[in-house]
Every structure is written in C-alpha cells, then in structure tokens.
Amino acid sequence: MPGRPRTQPQIEVAQHSAGQQCIVCHNPHSPKIVTAAARVAGDAAAGQKRAVDCAGCHGVKGISPNDTWPNLAGQHAAYLARILAAYKSGAQKDVAMTPLAQALSDADIQNLAAYYSRLNCAAPARDTGAGDAAAGKAVAKNCAACHGETGIAANPAWPSLAGQKAGYLVNVLKAFRAGLRKDPMMGGVTRGLSDADIANLAAYFAGQSCQPATPGRKTP
C-alpha cells in the first residue's frame, strides 16, 4: 500500500492476529491503534526512590538477576504503567506482583514507569535457553505486528521483547496460553503454540539486541 507508515506495515490478513477481532487492538470506529494508555507523566527521580523496593527481583538498574523475572530497564513507560495498573486493579494477577502493586499509588506507578523506561537496557550476555533461535525467528513473524520484527515494539503501549530473559518469556507465553495471564490478543495468539514453539520464540527474542537498530545498519 503506497505511503503506508513504516511503523504500521501492510498486514497479511490470513496470518494476522490469529483470528482475533480487529477491536482487540484497534479503536472500533477507526483503524488507529489504541494508545490511550500511552500517556505517562511520571517523575523519574521519585521513581528511582520507589524502585528500591523492586531491586530484589528486577535489579538495581532494572536488569533482573533471575532468569524467570523480567528486565524493566528501557521498557516502554506506557506498557510499564499499564501492567502495573493491571496488577493493582486485579485485572492481571501474579502471586508476587499483585500485593506489591496494590501498595502503589497511581503516582508511584507513573513514577516507576518513567524511571525504568529511561534506564539503559543493555545487559550481560544473554542465555537463550533450550530453544532454537532460527526456528523462533520464523514463528516470530506472527508477533511482528505488535512487538516488531526483532522484538522492539513500535507501539509504546505494548512491551518490547528483545533481550528479555528466555525463562521469563517461556513462563509468560505459557501463562497466556493457559489463561493464567489475561489478554484477548495474546490468549488467541498463544493458543496454537506448542511448547517447542514457545521455547524457540524465547530463544529468538532473548538473543536480540534491546537497542533500536542504527539507520543504515542491518538488524540481526
């Protein structure tokens, strides 16, 4: 389609969204992607102080020391604010995160999102797990519309996956598939994934650079 924005490439209908309804991602009366949650106006300095309570799991600088917990450094602020608000409200549930998020004020959530989003996402060499990254790259084509070809999401309301912990990605994808994590799009997309598909996707995204590619330079 001539003139279509780079950040919103033309889709292949048969391979797009795993049969989910358009309004899962789009406003019901226009093609604009839903981005109402993308407004974050937090105080990063205040967020840094509040983040002391998060360091045990997510690291002092947002890089988790544990393969099963996510890195937060460099993640989209809008996504961080959205997921923390979901844990706080109960729309999303997690044994560890739910009680912690319920203790946060709305301002705390905005401040934490602002703080973590500004940190450098670069991490030590990544363990890509037991999956096959090459096979995962093929499956990841179905994820590109939301999470980008290499796992860097163009829409700030959606999470970037590049450079995340392989173990964390496996756990999250399986949780969506089992219905333990709630999202109408992800529930449909993961329903058709095998355990091997999930391991391969995790290996692929874990091995990608979390930094956007430099113009003129090929992405991995």
# chains A, B, ... in the order shown; residues from 1 in each chain; ligands from 1
$ residues_around --residues "A:Tyr87" --least-positions-apart "3" --cutoff "10 Å" --atoms "only C-alpha atoms" --output "NGL selection string"
:A and (82-84 or 90-94 or 96-102)
$ closest_atom_pairs --of "stretch 149-182 of chain A" --to "stretch 61-77 of chain A" --cutoff "9 Å" --atoms "only C-alpha atoms" --output "Markdown table"
| residue | atom | partner | partner_atom | distance |
| --- | --- | --- | --- | --- |
| A:Ala153 | CA | A:His76 | CA | 8.5 |
| A:Asn155 | CA | A:His76 | CA | 8.7 |
| A:Pro156 | CA | A:His76 | CA | 5.3 |
| A:Ala157 | CA | A:His76 | CA | 7.1 |
| A:Trp158 | CA | A:His76 | CA | 7.5 |
| A:Pro159 | CA | A:His76 | CA | 6.4 |
| A:Ser160 | CA | A:Gln75 | CA | 6.4 |
| A:Leu161 | CA | A:Gln75 | CA | 8.8 |
| A:Gly163 | CA | A:Asn71 | CA | 8.5 |
| A:Gln164 | CA | A:Asn71 | CA | 6.2 |
| A:Lys165 | CA | A:Asp67 | CA | 5.3 |
| A:Ala166 | CA | A:Asp67 | CA | 6.8 |
| A:Gly167 | CA | A:Thr68 | CA | 4.9 |
| A:Tyr168 | CA | A:Thr68 | CA | 4.2 |
| A:Leu169 | CA | A:Thr68 | CA | 8.0 |
| A:Val170 | CA | A:Thr68 | CA | 8.6 |
| A:Asn171 | CA | A:Thr68 | CA | 7.4 |
$ atom_distance --atom1 "atom CA of A:Lys141" --atom2 "atom CA of A:Leu201"
10.1 Å
$ select_by_dssp --residues "stretch 96-166 of chain A" --states "alpha helix (DSSP H)" --output "MDAnalysis selection string"
chainID A and resid 97:102 106:117 133:139 144:147 166
$ write_last_selection --atoms "N, CA, C and O atoms" --output "CSV table (one decimal), in the first residue's frame"
chain,number,residue,atom,x,y,z
A,97,MET,N,3.5,-10.0,42.2
A,97,MET,CA,3.3,-8.7,41.8
A,97,MET,C,2.0,-8.1,42.3
A,97,MET,O,1.9,-6.9,42.6
A,98,THR,N,1.0,-8.9,42.5
A,98,THR,CA,-0.3,-8.3,42.8
A,98,THR,C,-0.2,-7.5,44.2
A,98,THR,O,-0.6,-6.4,44.2
A,99,PRO,N,0.3,-8.2,45.3
A,99,PRO,CA,0.3,-7.4,46.5
A,99,PRO,C,1.2,-6.2,46.5
A,99,PRO,O,1.0,-5.2,47.1
A,100,LEU,N,2.3,-6.3,45.7
A,100,LEU,CA,3.3,-5.2,45.6
A,100,LEU,C,2.6,-4.0,44.9
A,100,LEU,O,2.7,-2.9,45.3
A,101,ALA,N,1.9,-4.3,43.8
A,101,ALA,CA,1.3,-3.3,43.0
A,101,ALA,C,0.1,-2.6,43.8
A,101,ALA,O,-0.1,-1.4,43.6
A,102,GLN,N,-0.6,-3.4,44.6
A,102,GLN,CA,-1.7,-2.9,45.3
A,102,GLN,C,-1.2,-1.8,46.4
A,102,GLN,O,-2.0,-1.0,46.8
A,106,ASP,N,-1.3,5.7,42.3
A,106,ASP,CA,-1.2,6.0,40.9
A,106,ASP,C,0.0,6.8,40.5
A,106,ASP,O,0.6,6.6,39.5
A,107,ALA,N,0.4,7.7,41.4
A,107,ALA,CA,1.6,8.5,41.1
A,107,ALA,C,2.9,7.6,41.2
A,107,ALA,O,3.8,7.8,40.4
A,108,ASP,N,2.9,6.6,42.1
A,108,ASP,CA,4.0,5.7,42.2
A,108,ASP,C,4.2,5.0,40.9
A,108,ASP,O,5.3,4.8,40.4
A,109,ILE,N,3.1,4.5,40.3
A,109,ILE,CA,3.1,3.8,39.1
A,109,ILE,C,3.7,4.6,37.9
A,109,ILE,O,4.5,4.2,37.2
A,110,GLN,N,3.2,5.8,37.8
A,110,GLN,CA,3.7,6.7,36.8
A,110,GLN,C,5.2,7.0,37.0
A,110,GLN,O,6.0,7.0,36.0
A,111,ASN,N,5.6,7.2,38.2
A,111,ASN,CA,7.0,7.5,38.5
A,111,ASN,C,7.9,6.3,38.2
A,111,ASN,O,9.0,6.5,37.6
A,112,LEU,N,7.5,5.1,38.6
A,112,LEU,CA,8.3,3.9,38.3
A,112,LEU,C,8.4,3.7,36.8
A,112,LEU,O,9.5,3.3,36.3
A,113,ALA,N,7.3,3.9,36.1
A,113,ALA,CA,7.3,3.7,34.7
A,113,ALA,C,8.3,4.7,34.0
A,113,ALA,O,9.1,4.3,33.1
A,114,ALA,N,8.3,5.9,34.5
A,114,ALA,CA,9.2,6.9,33.9
A,114,ALA,C,10.6,6.6,34.2
A,114,ALA,O,11.5,6.7,33.4
A,115,TYR,N,10.9,6.1,35.4
A,115,TYR,CA,12.3,5.8,35.8
A,115,TYR,C,12.8,4.6,35.0
A,115,TYR,O,13.9,4.7,34.4
A,116,TYR,N,12.1,3.5,35.0
A,116,TYR,CA,12.7,2.3,34.4
A,116,TYR,C,12.8,2.5,32.9
A,116,TYR,O,13.7,2.0,32.2
A,117,SER,N,11.9,3.3,32.3
A,117,SER,CA,11.9,3.5,30.8
A,117,SER,C,13.2,4.2,30.4
A,117,SER,O,13.6,4.1,29.2
A,133,ALA,N,16.8,-20.6,18.1
A,133,ALA,CA,16.5,-19.2,17.7
A,133,ALA,C,16.1,-19.1,16.2
A,133,ALA,O,15.3,-18.3,15.9
A,134,ALA,N,16.7,-19.9,15.4
A,134,ALA,CA,16.4,-19.8,13.9
A,134,ALA,C,15.0,-20.2,13.7
A,134,ALA,O,14.2,-19.6,12.9
A,135,ALA,N,14.5,-21.3,14.4
A,135,ALA,CA,13.1,-21.7,14.3
A,135,ALA,C,12.2,-20.6,14.9
A,135,ALA,O,11.1,-20.3,14.4
A,136,GLY,N,12.7,-20.0,16.0
A,136,GLY,CA,11.9,-19.0,16.6
A,136,GLY,C,11.7,-17.8,15.8
A,136,GLY,O,10.7,-17.1,15.8
A,137,LYS,N,12.7,-17.4,15.0
A,137,LYS,CA,12.6,-16.3,14.1
A,137,LYS,C,11.5,-16.5,13.1
A,137,LYS,O,10.7,-15.5,12.8
A,138,ALA,N,11.3,-17.7,12.6
A,138,ALA,CA,10.2,-18.0,11.7
A,138,ALA,C,8.9,-17.8,12.3
A,138,ALA,O,7.9,-17.2,11.8
A,139,VAL,N,8.7,-18.3,13.6
A,139,VAL,CA,7.5,-18.2,14.3
A,139,VAL,C,7.2,-16.7,14.7
A,139,VAL,O,6.1,-16.2,14.7
A,144,ALA,N,5.3,-9.9,14.8
A,144,ALA,CA,6.0,-8.6,14.4
A,144,ALA,C,5.0,-7.4,14.4
A,144,ALA,O,5.4,-6.3,14.7
A,145,ALA,N,3.8,-7.6,14.1
A,145,ALA,CA,2.8,-6.5,14.0
A,145,ALA,C,2.7,-5.8,15.3
A,145,ALA,O,2.5,-4.5,15.3
A,146,CYS,N,2.8,-6.5,16.4
A,146,CYS,CA,2.7,-5.8,17.7
A,146,CYS,C,4.1,-5.6,18.4
A,146,CYS,O,4.3,-4.5,19.0
A,147,HIS,N,5.0,-6.5,18.3
A,147,HIS,CA,6.3,-6.5,19.0
A,147,HIS,C,7.5,-6.2,18.2
A,147,HIS,O,8.6,-6.2,18.7
A,166,ALA,N,15.1,-15.5,28.6
A,166,ALA,CA,14.4,-16.6,28.0
A,166,ALA,C,13.4,-17.3,28.9
A,166,ALA,O,12.3,-17.6,28.5
$ closest_residue --among "A:Ala44, A:Ala199, A:Leu180, A:Cys143" --to "A:Val95" --atoms "only C-alpha atoms"
A:Leu180
